[in-house]
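Undergrad: To start, I am sharing the structure in question, which I have written as structure tokens.
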Amino acid sequence: MQIDAAVRKSIFKGISLSLFIYALPVALLFLTFALRGQHPWHSPLSANQSWWLGRWNDWGITGFMVVLGLAELVLGLYDHDRWDGNEKLTDIACFAFPRIIVRPFFTYFSLKVLPFVLPGVANIFRWVPFWWGFLIICIADDLTQYWYHRLHHQVPWLWRYHRTHHSAPYMGMSMASRQNAFYTIFFSQTYLTSSLVYLGLGPSALVVHAAKSMITTLAHSSIPWDKPFYQHRVLHPIAWVLERFISTPATHHAHHADSTDDGVGYYKGNFGNMFFLWDVMFGTAHISRQYPRSYGISHYAGDPWYAQFLWPVFKSNVEGSELAANGPMVKEEKPSADYSPATESGSGALGLSSQTV
Amino acid sequence: MNFTDAWLLTKKIVVGIVITLVPLAILTGGLWLTQRFAGAHAQDKQTTSTKAVTYAN
């Protein structure tokens with residue numbers, strides 16, 4: 001299965017532009033130092049500040065997720081009919097894996113592998129001022145994740161590694177972690193940010209990680225925190241900026257819709273994780289200020305949790321599934337029952353292949 | 001897991017490595033150049049001030 005020619009062109013154009021975006025914060029840093037004659041070869045953060053950032057990263061984020069998860073449960077925002085035993089097991093396995101296995105793995109990678117591969121360069125960029133480091137990591141981490149994510153949608157043979165994230169017919173904060181194990185363990189942005197931490201940008205990385213965790217978790221949450229911004233006219237200017245800058249429930253829920261037929265759902269774009277800005281810049285954005293009626297994959301038939309979590313090691317026993325032993329690489333979208341060509345505005349606007357969900 | 005699966009996984013890892021190393025090279029190269037040139041700039045300024053002090057004396 002080949003990538004659509006228009007999609008391939010769009011990917012190459014976007015990646016070329018990204019090379020300049022990666023270099024932008026460093027170029028600005030250089031210009032600032034050159035013009036002001038600065039040479040801040042020291043870390044502006046005290047040991048005490050670093051300690052508090054570390055605590056917030058560990059316990060603050062954990063507390064935030066627990067409170068948000070409980071709020072979703074108490075408010076009845078999980079669909080009990082569709083959140084069955086198999087979906088619960090998929091969600092639990094995917095939620096536990098990054099916390100129990102991936103974190104220790106990346107800690108080992110940072111403490112043992114990087115010093116072995118890159119000896120003698122630990123903390124060589126410790127002099128980068130905190131907020132410059134923050135800008136560098138925001139762009140480096142999130143732009144890399146944008147491309148990692150987008151390629152898993154638009155390159156047909158990568159799709160099945162990301163399918164688990166889209167198979168749930170509901171939304172909730174735990175969706176942010178619902179991923180195939182191979183998708184999570186090979187997250188490019190995590191290796192990139194770990195390397196930058198090793199090179200000395202640790203304190204900035206802690207703050208970016210905290211901000212990113214909150215934004216992405218809230219974008220997946222079933223609590224539509226952005227709705228008041230669309231309902232009240234006085235808040236519209238803030239909404240305009242917000243929805244173009246970061247991922248909101250409206251734009252990210254559209255990415256998880258099971259159809260693009262209604263002009264609200266848009267699984268062919270809205271790939272941004274922390275920043276939605278990338279979608280705006282690379283022409284993959286779709287903003288409707290509405291929430292899709294249904295989520296997931298139109299042809300999903302409840303693949304077993306172990307296949308969703310560990311495909312291709314374990315295969316699905318659902319015949320014809322993309323995760324089955326002889327299943328298709330990408331299955332055709334099932335047309336929605338109330339589809340009308342008149343409501344097709346927005347879908348396929350980029351000429352993306354309808355097969356690359 | 002058969003040979004095709006292993007091949008797909010290998011290709012996926014290679015794609016991941018490329019999209020990690022390209023930004024890492026751009027950023028580390030840029031920071032290294034900044035440190036080198038801004039350091040030289042700072043050294044130049046320091047040398048000039050030292051000379052000025054010497055001439056004043």
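FYI, nothing fancy with the structure tokens labels: chains A, B, ... in order, residues from 1 per chain, ligands from 1 as they appear.
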Find the residues of stretch 34-146 of chain A that sit at most 10 Å from stretch 1-20 of chain B; for each, write down the nearest two atoms and how far apart they are in Å, to one decimal. Count only C-alpha atoms. Sort by chain, then by number going up, and give it as JSON lines.
TA:
{"residue": "A:Ala140", "atom": "CA", "partner": "B:Thr20", "partner_atom": "CA", "distance": 9.4}
{"residue": "A:Asp141", "atom": "CA", "partner": "B:Thr20", "partner_atom": "CA", "distance": 9.5}
{"residue": "A:Thr144", "atom": "CA", "partner": "B:Ile19", "partner_atom": "CA", "distance": 6.8}
{"residue": "A:Gln145", "atom": "CA", "partner": "B:Ile19", "partner_atom": "CA", "distance": 9.2}
Undergrad: Give one line per residue of chain A that approaches chain B to at most 6 Å, naming the two atoms of the closest pair and their distance in Å to one decimal, counting only C-alpha atoms; sort by chain then ascending residue number and deliver it as a Markdown table.
TA:
| residue | atom | partner | partner_atom | distance |
| --- | --- | --- | --- | --- |
| A:Val26 | CA | B:Gly30 | CA | 5.8 |
| A:Phe30 | CA | B:Thr34 | CA | 5.3 |
| A:Ser188 | CA | B:Thr20 | CA | 5.3 |
| A:Leu192 | CA | B:Thr20 | CA | 5.5 |
| A:Pro312 | CA | B:Met1 | CA | 5.9 |
| A:Val313 | CA | B:Met1 | CA | 5.0 |
Undergrad: If we count only C-alpha atoms, what is near A:Thr184 at a cut-off of 10 Å, once residues fewer than 6 positions away on the same chain are taken out, given as an MDAnalysis selection string?
TA: chainID A and resid 94 97:98 102 161:162 177:178 190
Undergrad: Report as a tab-separated table: every residue of stretch 85-161 of chain A with an atom at most 6 Å from stretch 203-221 of chain A, its closest pair of atoms, and their distance in Å to one decimal, counting only C-alpha atoms, with rows sorted by chain and ascending residue number.
TA:
residue	atom	partner	partner_atom	distance
A:Phe130	CA	A:Ser204	CA	5.8
A:Gly133	CA	A:Ser204	CA	5.4
A:Phe134	CA	A:Ser204	CA	4.7
Undergrad: For each of A:Leu111, A:Val330, A:Arg82, A:Leu199, take the minimum atom-to-atom distance to A:Ser294, counting only C-alpha atoms, then give the residue where this is smallest.
TA: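 Smallest distance to A:Ser294 is found for A:Arg82.
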Undergrad: Excluding stretch 265-280 of chain A and any residue of its chain fewer than 5 positions from it, enumerate the residues within 6 Å of it, using only C-alpha atoms, and give them as a list of chain:residue names.
TA: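 Residues near the query, excluding close chain neighbours: A:Tyr146, A:Arg150, A:Lys212, A:Ile215, A:Thr216, A:Arg244, A:Phe245, A:Ile246, A:Ser247, A:Ala254, A:His255, A:His256, A:Ala257, A:Ser259, A:Thr260, A:Ala285, A:Pro292.
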